[in-house]
$ cat my_file-v1.txt   # compact mmCIF, C-alpha atoms and all ligand atoms
# COMPACT_ATOMS: atom_id res chain seq x y z
CA MET A 1 -16.83 24.37 -13.52
CA LYS A 2 -16.47 20.65 -13.03
CA ALA A 3 -18.94 17.94 -12.22
CA VAL A 4 -18.02 15.13 -9.89
CA ALA A 5 -18.41 11.78 -11.58
CA PRO A 6 -17.43 8.34 -10.30
CA LEU A 7 -15.38 7.79 -13.47
CA TRP A 8 -12.89 10.36 -12.29
CA GLY A 9 -12.18 8.33 -9.24
CA GLN A 10 -9.74 6.28 -11.25
CA MET A 11 -7.55 9.35 -11.61
CA VAL A 12 -7.86 10.34 -7.98
CA TRP A 13 -6.16 7.14 -6.88
CA ALA A 14 -3.53 6.99 -9.61
CA THR A 15 -0.24 6.06 -7.97
CA GLN A 16 1.83 9.06 -7.02
CA ASP A 17 5.60 8.79 -7.05
CA ARG A 18 6.35 10.72 -3.87
CA PHE A 19 6.83 7.61 -1.71
CA PRO A 20 7.79 3.99 -2.47
CA VAL A 21 4.88 1.55 -2.53
CA VAL A 22 5.67 -1.48 -0.35
CA ALA A 23 2.40 -3.38 -0.84
CA SER A 24 -0.37 -3.11 -3.38
CA GLU A 25 -3.73 -4.90 -3.27
CA PRO A 26 -7.15 -4.36 -4.88
CA TRP A 27 -8.29 -2.49 -1.73
CA GLY A 28 -5.29 -0.20 -1.31
CA ARG A 29 -1.59 0.45 -1.32
CA LEU A 30 0.90 0.93 1.49
CA GLU A 31 3.42 3.73 1.05
CA ARG A 32 6.63 4.23 3.03
CA ILE A 33 6.43 7.83 4.27
CA ALA A 34 9.50 7.91 6.54
CA PRO A 35 11.73 5.36 8.30
CA GLY A 36 9.34 3.17 10.29
CA VAL A 37 6.23 5.05 9.11
CA TRP A 38 3.86 3.69 6.46
CA GLY A 39 0.57 5.11 5.19
CA LEU A 40 -2.25 3.00 3.74
CA VAL A 41 -4.15 4.65 0.89
CA SER A 42 -7.36 2.68 0.47
CA THR A 43 -8.76 2.48 -3.07
CA PRO A 44 -12.36 1.52 -2.31
CA LEU A 45 -13.99 1.79 -5.75
CA GLU A 46 -14.60 -1.94 -6.01
CA ASP A 47 -12.97 -3.50 -2.96
CA ARG A 48 -13.88 -2.19 0.47
CA THR A 49 -11.76 -4.53 2.59
CA THR A 50 -10.04 -1.60 4.32
CA LEU A 51 -12.10 1.37 2.96
CA CYS A 52 -10.47 4.06 5.11
CA ASN A 53 -6.82 5.10 5.13
CA GLY A 54 -4.54 4.34 8.07
CA GLY A 55 -0.99 3.35 8.77
CA ILE A 56 1.79 1.67 10.69
CA ILE A 57 4.30 3.39 13.01
CA SER A 58 7.23 1.40 14.32
CA GLY A 59 9.56 2.24 17.22
CA ARG A 60 12.06 0.42 19.41
CA ASN A 61 9.44 -0.70 21.94
CA GLY A 62 6.35 -1.16 19.86
CA VAL A 63 4.34 -0.95 16.67
CA VAL A 64 1.22 1.19 16.34
CA ILE A 65 -1.49 0.60 13.74
CA VAL A 66 -3.67 3.62 12.96
CA GLU A 67 -7.37 2.64 12.49
CA ALA A 68 -9.15 -0.72 12.71
CA PHE A 69 -10.54 -0.49 9.13
CA ALA A 70 -13.84 -1.56 7.61
CA SER A 71 -13.56 -5.34 8.02
CA ASN A 72 -11.83 -8.01 10.06
CA ASP A 73 -9.97 -9.09 6.92
CA GLY A 74 -8.74 -5.53 6.43
CA ALA A 75 -7.51 -5.42 10.03
CA ARG A 76 -5.81 -8.82 9.65
CA TRP A 77 -4.10 -7.72 6.45
CA MET A 78 -2.70 -4.58 8.10
CA THR A 79 -1.53 -6.67 11.07
CA GLU A 80 0.25 -9.00 8.66
CA GLN A 81 1.86 -6.01 6.89
CA ALA A 82 3.07 -4.64 10.24
CA ARG A 83 4.73 -7.97 11.01
CA ARG A 84 6.26 -8.22 7.54
CA LEU A 85 7.63 -4.67 7.57
CA THR A 86 8.79 -4.43 11.20
CA GLY A 87 9.43 -8.05 12.15
CA ARG A 88 7.09 -7.66 15.13
CA ARG A 89 3.40 -7.83 15.82
CA PRO A 90 1.49 -4.63 16.57
CA THR A 91 1.36 -3.51 20.20
CA HIS A 92 -1.20 -0.70 19.78
CA THR A 93 -4.12 0.24 17.56
CA VAL A 94 -5.59 3.74 17.58
CA ILE A 95 -9.10 4.42 16.31
CA THR A 96 -9.57 8.03 15.24
CA HIS A 97 -13.38 8.16 15.49
CA TYR A 98 -16.41 5.92 15.71
CA HIS A 99 -17.50 5.55 12.07
CA GLY A 100 -17.81 1.94 10.92
CA ASP A 101 -15.32 2.23 8.06
CA HIS A 102 -12.68 2.93 10.74
CA THR A 103 -13.85 0.51 13.45
CA ASP A 104 -15.70 -2.48 11.96
CA GLY A 105 -12.45 -4.50 11.82
CA LEU A 106 -11.84 -4.22 15.57
CA ARG A 107 -12.48 -7.94 16.15
CA GLY A 108 -9.85 -8.84 13.56
CA MET A 109 -7.44 -6.35 15.13
CA VAL A 110 -7.67 -7.79 18.66
CA GLU A 111 -6.83 -11.30 17.44
CA THR A 112 -3.23 -10.19 17.93
CA PRO A 113 -2.28 -11.23 21.48
CA GLY A 114 -1.58 -8.30 23.78
CA VAL A 115 -2.54 -5.53 21.36
CA GLU A 116 -3.89 -2.45 23.16
CA VAL A 117 -6.64 -0.54 21.37
CA LEU A 118 -6.99 3.15 22.18
CA GLY A 119 -9.87 5.52 21.48
CA THR A 120 -11.46 8.48 23.22
CA ASP A 121 -14.24 8.08 25.77
CA VAL A 122 -16.70 9.72 23.40
CA THR A 123 -15.65 7.53 20.47
CA ILE A 124 -16.12 4.33 22.48
CA ASP A 125 -19.53 5.45 23.79
CA LEU A 126 -20.71 6.40 20.29
CA SER A 127 -19.41 3.09 18.89
CA MET A 128 -21.37 1.22 21.52
CA GLN A 129 -24.56 3.06 20.52
CA ASN A 130 -23.97 1.89 16.95
CA GLY A 131 -25.00 -1.62 17.94
CA ASP A 132 -23.71 -4.29 20.25
CA GLU A 133 -21.99 -6.44 17.64
CA GLN A 134 -18.64 -5.16 18.82
CA SER A 135 -19.51 -4.38 22.44
CA GLU A 136 -17.37 -7.21 23.83
CA VAL A 137 -14.33 -5.82 22.03
CA LEU A 138 -15.21 -2.21 22.78
CA GLU A 139 -15.22 -2.97 26.49
CA THR A 140 -11.54 -3.85 26.27
CA VAL A 141 -10.54 -0.60 24.55
CA THR A 142 -8.37 1.80 26.55
CA ARG A 143 -10.37 4.99 26.94
CA ILE A 144 -8.40 8.20 26.66
CA GLY A 145 -9.64 11.63 27.63
CA THR A 146 -10.57 14.41 25.23
CA ARG A 147 -8.98 17.24 27.21
CA ARG A 148 -5.31 16.75 26.52
CA PRO A 149 -3.02 14.76 24.19
CA THR A 150 -1.94 11.20 25.03
CA GLU A 151 1.56 9.98 24.28
CA ILE A 152 2.45 6.48 23.16
CA ASP A 153 6.12 6.12 24.05
CA LEU A 154 7.81 3.75 21.61
CA GLY A 155 11.25 4.24 23.20
CA ASP A 156 13.07 6.00 20.41
CA ARG A 157 9.98 7.82 19.18
CA SER A 158 6.79 9.35 20.52
CA VAL A 159 3.39 9.05 18.91
CA ILE A 160 1.03 11.79 20.06
CA LEU A 161 -2.74 11.33 20.01
CA VAL A 162 -4.40 14.74 19.85
CA PRO A 163 -8.12 15.01 20.66
CA ARG A 164 -10.04 17.18 18.23
CA ARG A 165 -13.56 17.35 16.81
CA GLY A 166 -15.44 18.54 13.75
CA HIS A 167 -15.89 15.46 11.56
CA THR A 168 -17.61 13.86 14.55
CA GLN A 169 -18.06 14.84 18.19
CA SER A 170 -14.68 13.27 18.90
CA ASP A 171 -11.81 12.87 16.47
CA LEU A 172 -8.15 12.03 17.05
CA THR A 173 -5.11 12.94 15.03
CA VAL A 174 -2.05 10.70 15.37
CA GLU A 175 1.08 12.79 15.13
CA ILE A 176 4.78 11.97 14.78
CA PRO A 177 6.41 15.38 15.26
CA GLU A 178 10.00 14.41 14.47
CA GLU A 179 8.99 12.97 11.08
CA SER A 180 6.50 15.80 10.42
CA VAL A 181 3.73 13.29 9.71
CA VAL A 182 0.09 13.69 10.79
CA PHE A 183 -2.54 10.96 10.48
CA CYS A 184 -5.66 13.13 10.28
CA GLY A 185 -8.51 10.64 10.55
CA ASP A 186 -11.52 12.05 8.69
CA LEU A 187 -10.75 15.66 9.62
CA VAL A 188 -8.93 15.73 6.27
CA TRP A 189 -10.00 14.23 2.96
CA ASN A 190 -7.90 14.57 -0.18
CA GLN A 191 -9.47 14.60 -3.66
CA MET A 192 -12.54 12.99 -2.12
CA VAL A 193 -15.55 15.02 -1.04
CA PRO A 194 -15.79 14.91 2.77
CA ASN A 195 -18.75 13.32 4.51
CA TYR A 196 -20.56 15.85 6.73
CA VAL A 197 -23.14 13.41 8.09
CA ASP A 198 -22.02 13.97 11.72
CA ALA A 199 -19.96 17.11 11.19
CA ALA A 200 -19.85 20.38 13.11
CA PRO A 201 -18.98 22.41 10.00
CA SER A 202 -17.29 25.49 11.50
CA ARG A 203 -15.32 23.32 13.92
CA LEU A 204 -14.21 21.09 11.03
CA SER A 205 -12.97 24.12 9.07
CA ALA A 206 -11.15 25.43 12.16
CA GLU A 207 -9.41 22.08 12.79
CA ALA A 208 -8.37 21.84 9.14
CA ARG A 209 -6.77 25.29 9.41
CA LEU A 210 -5.01 24.30 12.66
CA LEU A 211 -3.60 21.20 11.00
CA ARG A 212 -2.44 23.26 8.02
CA ALA A 213 -0.74 25.73 10.38
CA MET A 214 1.46 22.85 11.64
CA ASP A 215 3.00 22.88 8.15
CA ALA A 216 3.64 19.13 8.29
CA SER A 217 5.46 17.40 5.44
CA THR A 218 2.85 14.68 5.09
CA TYR A 219 -0.81 14.55 6.05
CA VAL A 220 -2.45 11.14 5.85
CA PRO A 221 -6.10 11.93 5.11
CA GLY A 222 -8.96 9.67 6.20
CA HIS A 223 -9.76 9.06 2.53
CA GLY A 224 -7.90 9.77 -0.71
CA PRO A 225 -4.20 9.97 -1.63
CA LEU A 226 -1.52 11.13 0.82
CA ALA A 227 -1.52 14.92 1.12
CA ASP A 228 1.04 17.70 1.44
CA ALA A 229 0.47 21.29 2.56
CA MET A 230 -0.71 22.33 -0.91
CA ALA A 231 -3.30 19.56 -0.96
CA LEU A 232 -4.49 20.75 2.44
CA ASP A 233 -4.86 24.28 1.06
CA ARG A 234 -7.14 22.94 -1.68
CA TYR A 235 -9.17 21.02 0.92
CA ILE A 236 -9.56 24.14 3.07
CA ASP A 237 -10.63 26.10 -0.02
CA LEU A 238 -13.24 23.44 -0.79
CA LEU A 239 -14.59 23.60 2.77
CA GLY A 240 -14.81 27.39 2.45
CA ASP A 241 -16.58 27.13 -0.89
CA ILE A 242 -19.16 24.72 0.56
CA GLU A 243 -19.77 27.19 3.40
CA ALA A 244 -20.25 29.99 0.87
CA ALA A 245 -22.71 27.82 -1.09
CA ALA A 246 -24.71 27.22 2.10
CA ARG A 247 -24.86 30.94 2.89
CA LYS A 248 -25.97 31.69 -0.68
CA ALA A 249 -28.65 29.00 -0.50
CA MET A 250 -30.03 30.57 2.67
CA ASP A 251 -30.10 34.02 1.05
CA ARG A 252 -31.97 32.56 -1.90
CA GLY A 253 -34.26 30.53 0.32
CA ILE A 254 -33.56 27.26 -1.50
CA SER A 255 -33.22 23.81 0.09
CA SER A 256 -29.93 22.08 0.79
CA GLU A 257 -31.00 19.37 -1.68
CA GLN A 258 -31.38 21.91 -4.48
CA ALA A 259 -28.18 23.73 -3.52
CA GLY A 260 -26.34 20.40 -3.44
CA GLU A 261 -27.59 19.49 -6.89
CA GLU A 262 -26.51 22.84 -8.29
CA TYR A 263 -23.13 22.80 -6.53
CA ARG A 264 -19.99 22.63 -8.67
CA ILE A 265 -16.42 22.45 -7.39
CA PRO A 266 -14.53 25.58 -8.49
CA ASP A 267 -11.93 25.27 -11.23
CA GLY A 268 -8.46 25.20 -9.79
CA LEU A 269 -9.26 22.82 -6.93
CA GLY A 270 -8.56 19.79 -9.14
CA ASP A 271 -10.54 16.57 -9.40
CA TRP A 272 -12.60 15.37 -6.46
CA TYR A 273 -14.45 12.09 -6.23
CA ALA A 274 -17.68 11.73 -4.24
CA PHE A 275 -18.66 8.41 -2.62
CA GLN A 276 -22.23 9.57 -3.28
CA PRO A 277 -23.56 12.57 -5.22
CA THR A 278 -25.66 13.50 -2.17
CA TYR A 279 -22.54 14.46 -0.18
CA PHE A 280 -22.79 18.12 -1.27
CA ALA A 281 -26.41 18.40 -0.14
CA THR A 282 -25.45 16.82 3.19
CA ALA A 283 -22.54 19.24 3.62
CA ILE A 284 -24.59 22.30 2.67
CA GLY A 285 -27.42 21.09 4.93
CA ALA A 286 -25.03 20.71 7.86
CA TRP A 287 -23.85 24.28 7.35
CA MET A 288 -27.42 25.56 7.02
CA SER A 289 -28.47 23.98 10.32
CA GLU A 290 -25.45 25.44 12.05
CA LEU A 291 -26.05 28.92 10.58
CA GLU A 292 -29.75 28.81 11.51
CA GLU A 293 -28.99 28.27 15.18
ZN ZN B 1 -15.65 9.21 9.30
$ encode --input "my_file-v1.txt" --output "C-alpha cells" --more "lines below"
Ligand SMILES: [Zn+2]
Amino acid sequence: MKAVAPLWGQMVWATQDRFPVVASEPWGRLERIAPGVWGLVSTPLEDRTTLCNGGIISGRNGVVIVEAFASNDGARWMTEQARRLTGRRPTHTVITHYHGDHTDGLRGMVETPGVEVLGTDVTIDLSMQNGDEQSEVLETVTRIGTRRPTEIDLGDRSVILVPRRGHTQSDLTVEIPEESVVFCGDLVWNQMVPNYVDAAPSRLSAEARLLRAMDASTYVPGHGPLADAMALDRYIDLLGDIEAAARKAMDRGISSEQAGEEYRIPDGLGDWYAFQPTYFATAIGAWMSELEE
C-alpha cells in the first residue's frame, strides 16, 4: 500500500519520451502529439501560470486552443505558442468546464482579435455565478448546447466538441477522430488524484469508461502527464477503488473524513499525486451522498 505524498509529484511529471517537447517552462511543457496537434502538460507544483492541461489544434482554416487556463499570462503564453508553432493566431478557444483553473485566463485569451470562445450553456451560466469579474468576457462566449456534439470545421480537419458530465454538471471533450486524440478536460486525470468537489461520481465513472471504449491513441487529461489506454485503465481502476472504499465506509458507519484518512491507493496503480490530502475524503464523501440518495 502506498501513501500519497507531495514529494512524489516530482516523479509524476518527469518528462516522458513518447512525444517531442517543443516548449518547456516552469509551469509546463508542450508536447507534439500529432501533426498540428500539441498538448500542454502543466507542472503546477510551484508555478501555477497555466495550472490545467490544454492544447493547440491547427487546421487549414483555423487554430483552436483548448482551455483558457488559470491566469491571463497563461492564456497569453499559449496564444504566443500557437502563433509560433502554426504561424497564425488562434481563431477559437474551447473551455471544457467552468472551474477557475480552466477559465480564469479568459481575459488574456480574448486579447487576440477575432478569437471565438466556445463553452456550453451550463458552463457559461456556472462561470457567471462564480463572480462577475469575468462577466463582460463571458457574455461574448459562444454558447453551445449540451444535447449534441458541435463541430469546428478547420477545412482539412474537424474538431468535435462532445458534451458530457460527471466532473461537473457540464463537461466537454475535444476530439480529433482522425488523429485518435481526445482532450478530456477534467473527466480524466492521470497520476493525479481527481477532484470530486462538484462531481457526480457514477456519471464520472461511466464517462471514463466511455472514453476508454473509444480506444484512442492519446488522451490529454485535465491534469497530469499525457495518457494512453493503459493509463486510462489505471484511472478507471482508481475510480472503482474509491467507490468501493465509500461503500465499505457506509457499511462500517464511518465518516468520509475518516475513510479518506485511512484510504490508500492499491499497489499496481502506480504513483499518484494529490493537490491536497483531503481529495480522498471529498471523493468518498461525494460517493456516500450519491449512494445515500
Ligand atoms: Zn475541474
$ residues_near_ligand --input "my_file-v1.txt" --ligand "ligand ZN 1 (chain B)" --cutoff "10 Å" --atoms "all atoms listed in the file" --output "list of chain:residue names"
A:Cys52, A:Thr96, A:His97, A:Tyr98, A:His99, A:Gly100, A:Asp101, A:His102, A:Thr103, A:His167, A:Thr168, A:Asp171, A:Gly185, A:Asp186, A:Leu187, A:Val188, A:Trp189, A:Pro194, A:Asn195, A:Tyr196, A:Val197, A:Asp198, A:Ala199, A:Gly222, A:His223
$ closest_residue --input "my_file-v1.txt" --among "A:Gly108, A:Pro90, A:Pro149, A:Gly240" --to "A:Ala206" --atoms "all atoms listed in the file"
A:Gly240
$ residues_around --input "my_file-v1.txt" --residues "A:Phe19" --least-positions-apart "6" --cutoff "10 Å" --atoms "only C-alpha atoms" --output "list in words"
Leu30, Glu31, Arg32, Ile33, Ala34, Trp38, Gly39 and Leu226 of chain A
$ closest_atom_pairs --input "my_file-v1.txt" --of "stretch 137-216 of chain A" --to "stretch 68-84 of chain A" --cutoff "12 Å" --atoms "all atoms listed in the file" --output "CSV"
residue,atom,partner,partner_atom,distance
A:Val137,CA,A:Ala68,CA,11.8
A:Leu138,CA,A:Ala68,CA,11.8
A:Val141,CA,A:Ala68,CA,11.9
A:Gly185,CA,A:Phe69,CA,11.4
$ closest_residue --input "my_file-v1.txt" --among "A:Asp267, A:Leu40, A:Cys184, A:Arg203" --to "A:Val21" --atoms "all atoms listed in the file"
A:Leu40
$ atom_distance --input "my_file-v1.txt" --atom1 "atom CA of A:Gly253" --atom2 "atom CA of A:Ala283"
16.6 Å
$ closest_residue --input "my_file-v1.txt" --among "A:Ala274, A:Leu232, A:Met128, A:Met288" --to "A:Ala244" --atoms "all atoms listed in the file"
A:Met288
$ closest_residue --input "my_file-v1.txt" --among "A:Ala200, A:Leu85, A:Ile144, A:Ala259" --to "A:Val22" --atoms "all atoms listed in the file"
A:Leu85
$ closest_residue --input "my_file-v1.txt" --among "A:Ile176, A:Val159, A:Ala249, A:Ala281" --to "A:Ser217" --atoms "all atoms listed in the file"
A:Ile176
